[in-house]
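Below is one structure, written out as structure tokens; comments come after it.
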Amino acid sequence: NIPTSIGLITKLSVLSLSNNRLAGEIPAELSNCTALQVLDLNANLFSGPIPVELGSLEFLQTLDLSSNGFSGSIPNELGNLRSLQTLNLYDNLFTGSIPVLFGNLTSLRQLYVYTNNLTGSVP
């Protein structure tokens with residue numbers, strides 16, 4: 001799992017932990033890494049909800065949480081990520097709809113949400 005102490009590395013700009021066997025939930029303390037531009041947790045065994053605190057990472061350009069076991073709703077707070085260019089949430093267990101606030105993601109170039117249990121329309 002990712003330790004809560006990760007939040008002490010406030011100047012961290014890239015965290016890529018893809019294709020491992022990491023499990024557990026994403027610690028909310030990750031939002032203390034305010035310089036984070038890339039968060040890649042693709043192809044692991046993470047589960048639980050996405051912490052709403054990730055919506056405060058104003059410099060985040062790439063968020064890849066695909067191919068895990070994340071569940072629950074996609075947080076509205078991700079709609080605050082104005083620098084976000086790539087959002088990969090495919091192959092998880094998300095339910096509900098894509099947040100309306102995603103319409104505010106004017107820098108977004110790639111959005112992948114297939115293989116979930118989402119309903120409704122794309123904002």
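How things are named: the first chain in the structure tokens is A, the next is B, and so on; residues count from 1 in each chain; ligands count from 1 in the order shown.
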*Just the residues within 6 Å of range 15-17 of chain A, please, counting only C-alpha atoms, with nothing from its chain fewer than 2 positions along; format it as a VMD selection string.*
chain A and resid 39 to 41
Take the residues that were just selected and, keeping all heavy atoms, output them as a PDB file, in the first residue's frame.
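Written file, part.pdb:
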```pdb
ATOM      1  N   LEU A  39       0.068  11.222 -11.534  1.00  0.00           N
ATOM      2  CA  LEU A  39      -0.222  10.168 -10.569  1.00  0.00           C
ATOM      3  C   LEU A  39      -0.673   8.950 -11.366  1.00  0.00           C
ATOM      4  O   LEU A  39      -1.747   8.946 -11.964  1.00  0.00           O
ATOM      5  CB  LEU A  39      -1.306  10.599  -9.580  1.00  0.00           C
ATOM      6  CG  LEU A  39      -1.734   9.545  -8.563  1.00  0.00           C
ATOM      7  CD1 LEU A  39      -0.551   9.049  -7.739  1.00  0.00           C
ATOM      8  CD2 LEU A  39      -2.830  10.088  -7.661  1.00  0.00           C
ATOM      9  N   ASP A  40       0.178   7.938 -11.401  1.00  0.00           N
ATOM     10  CA  ASP A  40      -0.080   6.737 -12.193  1.00  0.00           C
ATOM     11  C   ASP A  40      -0.074   5.520 -11.270  1.00  0.00           C
ATOM     12  O   ASP A  40       0.988   5.077 -10.827  1.00  0.00           O
ATOM     13  CB  ASP A  40       0.977   6.592 -13.282  1.00  0.00           C
ATOM     14  CG  ASP A  40       0.737   5.386 -14.181  1.00  0.00           C
ATOM     15  OD1 ASP A  40      -0.262   4.664 -13.976  1.00  0.00           O
ATOM     16  OD2 ASP A  40       1.560   5.164 -15.088  1.00  0.00           O
ATOM     17  N   LEU A  41      -1.264   4.999 -11.005  1.00  0.00           N
ATOM     18  CA  LEU A  41      -1.423   3.814 -10.160  1.00  0.00           C
ATOM     19  C   LEU A  41      -2.046   2.665 -10.959  1.00  0.00           C
ATOM     20  O   LEU A  41      -2.592   1.723 -10.390  1.00  0.00           O
ATOM     21  CB  LEU A  41      -2.304   4.152  -8.947  1.00  0.00           C
ATOM     22  CG  LEU A  41      -1.828   5.310  -8.074  1.00  0.00           C
ATOM     23  CD1 LEU A  41      -2.790   5.541  -6.922  1.00  0.00           C
ATOM     24  CD2 LEU A  41      -0.421   5.068  -7.562  1.00  0.00           C
TER      25      LEU A  41
END
```
*asked:* Please return, as an NGL selection string, all residues of range 2-117 of chain A that DSSP assigns to helix (DSSP H, G or I) on the basis of the backbone.
replied: :A and (4-8 or 28-32 or 52-56 or 76-80 or 100-104)
*Residues at most 7 Å from range 21-26 of chain A, counting only C-alpha atoms, excluding those fewer than 3 positions away in the same chain, as an MDAnalysis selection string?*
chainID A and resid 1:2 44:48 50:51
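Of the residues listed (A:Thr119, A:Asn92, A:Thr4, A:Asn104), A:Asn92 shows the shortest atom-to-atom separation from Phe70 in chain A; distances use only C-alpha atoms.
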Contacts of Asn80 in chain A within 10 Å, only C-alpha atoms, excl. fewer than 5 positions in-chain, as an mmCIF file with all heavy atoms, in the first residue's frame:
```cif
data_model
loop_
_atom_site.group_PDB
_atom_site.id
_atom_site.type_symbol
_atom_site.label_atom_id
_atom_site.label_comp_id
_atom_site.auth_asym_id
_atom_site.auth_seq_id
_atom_site.Cartn_x
_atom_site.Cartn_y
_atom_site.Cartn_z
ATOM 1 N N LEU A 54 -8.046 14.533 -3.570
ATOM 2 C CA LEU A 54 -7.246 14.603 -4.795
ATOM 3 C C LEU A 54 -7.696 15.741 -5.695
ATOM 4 O O LEU A 54 -6.941 16.213 -6.545
ATOM 5 C CB LEU A 54 -7.301 13.279 -5.561
ATOM 6 C CG LEU A 54 -6.644 12.063 -4.905
ATOM 7 C CD1 LEU A 54 -6.640 10.882 -5.859
ATOM 8 C CD2 LEU A 54 -5.234 12.365 -4.434
ATOM 9 N N GLY A 55 -8.910 16.202 -5.514
ATOM 10 C CA GLY A 55 -9.429 17.325 -6.291
ATOM 11 C C GLY A 55 -8.735 18.639 -6.019
ATOM 12 O O GLY A 55 -8.973 19.624 -6.718
ATOM 13 N N SER A 56 -7.852 18.668 -5.026
ATOM 14 C CA SER A 56 -7.127 19.899 -4.714
ATOM 15 C C SER A 56 -5.756 19.964 -5.376
ATOM 16 O O SER A 56 -5.027 20.944 -5.191
ATOM 17 C CB SER A 56 -6.969 20.038 -3.197
ATOM 18 O OG SER A 56 -6.102 19.037 -2.701
ATOM 19 N N LEU A 57 -5.383 18.955 -6.155
ATOM 20 C CA LEU A 57 -4.063 18.912 -6.803
ATOM 21 C C LEU A 57 -4.092 19.753 -8.081
ATOM 22 O O LEU A 57 -4.248 19.237 -9.183
ATOM 23 C CB LEU A 57 -3.661 17.464 -7.088
ATOM 24 C CG LEU A 57 -3.436 16.600 -5.852
ATOM 25 C CD1 LEU A 57 -3.271 15.140 -6.235
ATOM 26 C CD2 LEU A 57 -2.223 17.098 -5.069
ATOM 27 N N GLU A 58 -3.914 21.051 -7.919
ATOM 28 C CA GLU A 58 -4.144 21.992 -9.006
ATOM 29 C C GLU A 58 -3.195 21.854 -10.191
ATOM 30 O O GLU A 58 -3.508 22.316 -11.282
ATOM 31 C CB GLU A 58 -4.116 23.423 -8.491
ATOM 32 C CG GLU A 58 -2.797 23.858 -7.910
ATOM 33 C CD GLU A 58 -2.814 25.294 -7.434
ATOM 34 O OE1 GLU A 58 -3.116 26.176 -8.254
ATOM 35 O OE2 GLU A 58 -2.545 25.514 -6.247
ATOM 36 N N LEU A 101 -19.409 18.354 -13.136
ATOM 37 C CA LEU A 101 -18.277 19.270 -13.052
ATOM 38 C C LEU A 101 -17.143 18.899 -14.014
ATOM 39 O O LEU A 101 -16.245 19.709 -14.245
ATOM 40 C CB LEU A 101 -17.733 19.340 -11.623
ATOM 41 C CG LEU A 101 -18.619 20.045 -10.607
ATOM 42 C CD1 LEU A 101 -18.000 19.994 -9.215
ATOM 43 C CD2 LEU A 101 -18.859 21.488 -11.018
ATOM 44 N N PHE A 102 -17.179 17.716 -14.586
ATOM 45 C CA PHE A 102 -16.168 17.350 -15.573
ATOM 46 C C PHE A 102 -16.253 18.258 -16.797
ATOM 47 O O PHE A 102 -15.306 18.373 -17.558
ATOM 48 C CB PHE A 102 -16.299 15.882 -15.988
ATOM 49 C CG PHE A 102 -15.616 14.929 -15.047
ATOM 50 C CD1 PHE A 102 -15.394 15.252 -13.723
ATOM 51 C CD2 PHE A 102 -15.209 13.688 -15.485
ATOM 52 C CE1 PHE A 102 -14.760 14.375 -12.865
ATOM 53 C CE2 PHE A 102 -14.564 12.797 -14.640
ATOM 54 C CZ PHE A 102 -14.348 13.140 -13.323
ATOM 55 N N ASN A 104 -16.080 21.266 -16.638
ATOM 56 C CA ASN A 104 -15.138 22.360 -16.354
ATOM 57 C C ASN A 104 -13.699 22.009 -16.694
ATOM 58 O O ASN A 104 -12.823 22.858 -16.599
ATOM 59 C CB ASN A 104 -15.184 22.729 -14.858
ATOM 60 C CG ASN A 104 -16.524 23.279 -14.439
ATOM 61 O OD1 ASN A 104 -17.273 23.787 -15.256
ATOM 62 N ND2 ASN A 104 -16.817 23.169 -13.169
ATOM 63 N N LEU A 105 -13.441 20.779 -17.061
ATOM 64 C CA LEU A 105 -12.064 20.318 -17.323
ATOM 65 C C LEU A 105 -11.650 20.725 -18.735
ATOM 66 O O LEU A 105 -11.548 19.895 -19.637
ATOM 67 C CB LEU A 105 -11.961 18.806 -17.123
ATOM 68 C CG LEU A 105 -12.278 18.300 -15.718
ATOM 69 C CD1 LEU A 105 -12.263 16.778 -15.673
ATOM 70 C CD2 LEU A 105 -11.318 18.887 -14.701
#
```
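Closest to Glu29 in chain A among A:Val113, A:Val14, A:Ala43, A:Ile6 is A:Ile6, based on only C-alpha atoms.
One finds CA of Gly120 in chain A at 25.6 Å from CA of Gln61 in chain A.
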*Using DSSP on the backbone coordinates, identify the residues of chain A assigned to strand (DSSP E); present them as a ChimeraX atom specification.*
/A:14-16,23-24,38-40,45-48,62-64,69-73,86-88,93-97,110-112,117-119
Create the file for the chosen residues now, containing N, CA and C atoms and written as a compact mmCIF listing (two decimals), in the first residue's frame.
```
# COMPACT_ATOMS: atom_id res chain seq x y z
N VAL A 14 6.03 13.57 -9.83
CA VAL A 14 5.59 12.36 -10.54
C VAL A 14 5.60 11.19 -9.57
N LEU A 15 4.49 10.48 -9.52
CA LEU A 15 4.42 9.24 -8.76
C LEU A 15 3.85 8.17 -9.69
N SER A 16 4.70 7.26 -10.11
CA SER A 16 4.28 6.19 -11.03
C SER A 16 4.55 4.85 -10.36
N ALA A 23 -1.86 -2.75 -2.97
CA ALA A 23 -3.27 -2.87 -2.59
C ALA A 23 -3.62 -1.81 -1.55
N GLY A 24 -4.87 -1.83 -1.13
CA GLY A 24 -5.35 -0.87 -0.14
C GLY A 24 -6.00 0.32 -0.79
N VAL A 38 1.80 14.12 -12.21
CA VAL A 38 1.44 12.80 -12.74
C VAL A 38 1.23 11.84 -11.57
N LEU A 39 0.07 11.22 -11.53
CA LEU A 39 -0.22 10.17 -10.57
C LEU A 39 -0.67 8.95 -11.37
N ASP A 40 0.18 7.94 -11.40
CA ASP A 40 -0.08 6.74 -12.19
C ASP A 40 -0.07 5.52 -11.27
N LEU A 45 -3.82 -3.44 -7.31
CA LEU A 45 -4.94 -4.06 -6.61
C LEU A 45 -5.60 -3.06 -5.65
N PHE A 46 -5.51 -1.77 -5.97
CA PHE A 46 -6.12 -0.76 -5.10
C PHE A 46 -7.64 -0.90 -5.10
N SER A 47 -8.24 -0.48 -3.99
CA SER A 47 -9.70 -0.59 -3.86
C SER A 47 -10.23 0.60 -3.06
N GLY A 48 -11.55 0.59 -2.86
CA GLY A 48 -12.18 1.67 -2.11
C GLY A 48 -12.45 2.87 -2.99
N THR A 62 -1.98 14.35 -15.31
CA THR A 62 -2.33 12.97 -15.65
C THR A 62 -2.74 12.24 -14.39
N LEU A 63 -3.92 11.64 -14.42
CA LEU A 63 -4.41 10.81 -13.33
C LEU A 63 -4.82 9.48 -13.94
N ASP A 64 -4.08 8.44 -13.60
CA ASP A 64 -4.36 7.11 -14.15
C ASP A 64 -4.59 6.14 -12.99
N GLY A 69 -9.42 -1.93 -8.43
CA GLY A 69 -10.72 -2.31 -7.89
C GLY A 69 -11.41 -1.15 -7.20
N PHE A 70 -11.15 0.08 -7.69
CA PHE A 70 -11.79 1.26 -7.08
C PHE A 70 -13.30 1.15 -7.24
N SER A 71 -14.02 1.67 -6.25
CA SER A 71 -15.48 1.56 -6.26
C SER A 71 -16.11 2.85 -5.75
N GLY A 72 -17.43 2.85 -5.80
CA GLY A 72 -18.18 4.04 -5.38
C GLY A 72 -18.33 5.01 -6.53
N SER A 73 -18.72 6.22 -6.19
CA SER A 73 -18.90 7.26 -7.20
C SER A 73 -17.58 7.92 -7.55
N THR A 86 -5.22 14.14 -18.99
CA THR A 86 -5.54 12.72 -19.20
C THR A 86 -6.14 12.16 -17.93
N LEU A 87 -7.30 11.54 -18.06
CA LEU A 87 -7.98 10.91 -16.93
C LEU A 87 -8.37 9.50 -17.33
N ASN A 88 -7.70 8.52 -16.72
CA ASN A 88 -7.96 7.11 -17.00
C ASN A 88 -8.58 6.47 -15.75
N LEU A 93 -14.67 -0.46 -10.63
CA LEU A 93 -16.03 -0.80 -10.20
C LEU A 93 -16.85 0.44 -9.87
N PHE A 94 -16.58 1.55 -10.57
CA PHE A 94 -17.28 2.80 -10.29
C PHE A 94 -18.75 2.69 -10.66
N THR A 95 -19.58 3.35 -9.87
CA THR A 95 -21.02 3.39 -10.11
C THR A 95 -21.47 4.84 -10.17
N GLY A 96 -22.73 5.03 -10.57
CA GLY A 96 -23.27 6.39 -10.67
C GLY A 96 -22.95 6.99 -12.02
N SER A 97 -22.90 8.29 -12.06
CA SER A 97 -22.69 8.98 -13.33
C SER A 97 -21.36 9.73 -13.32
N GLN A 110 -7.98 13.49 -22.92
CA GLN A 110 -8.29 12.06 -22.97
C GLN A 110 -9.07 11.69 -21.72
N LEU A 111 -10.21 11.05 -21.93
CA LEU A 111 -11.05 10.56 -20.84
C LEU A 111 -11.44 9.13 -21.15
N TYR A 112 -11.00 8.20 -20.30
CA TYR A 112 -11.31 6.78 -20.49
C TYR A 112 -12.02 6.27 -19.23
N ASN A 117 -19.43 0.56 -14.04
CA ASN A 117 -20.89 0.43 -13.96
C ASN A 117 -21.53 1.81 -13.94
N LEU A 118 -21.08 2.66 -14.86
CA LEU A 118 -21.56 4.05 -14.91
C LEU A 118 -22.87 4.15 -15.67
N THR A 119 -23.66 5.16 -15.31
CA THR A 119 -24.93 5.42 -15.99
C THR A 119 -24.99 6.90 -16.35
```
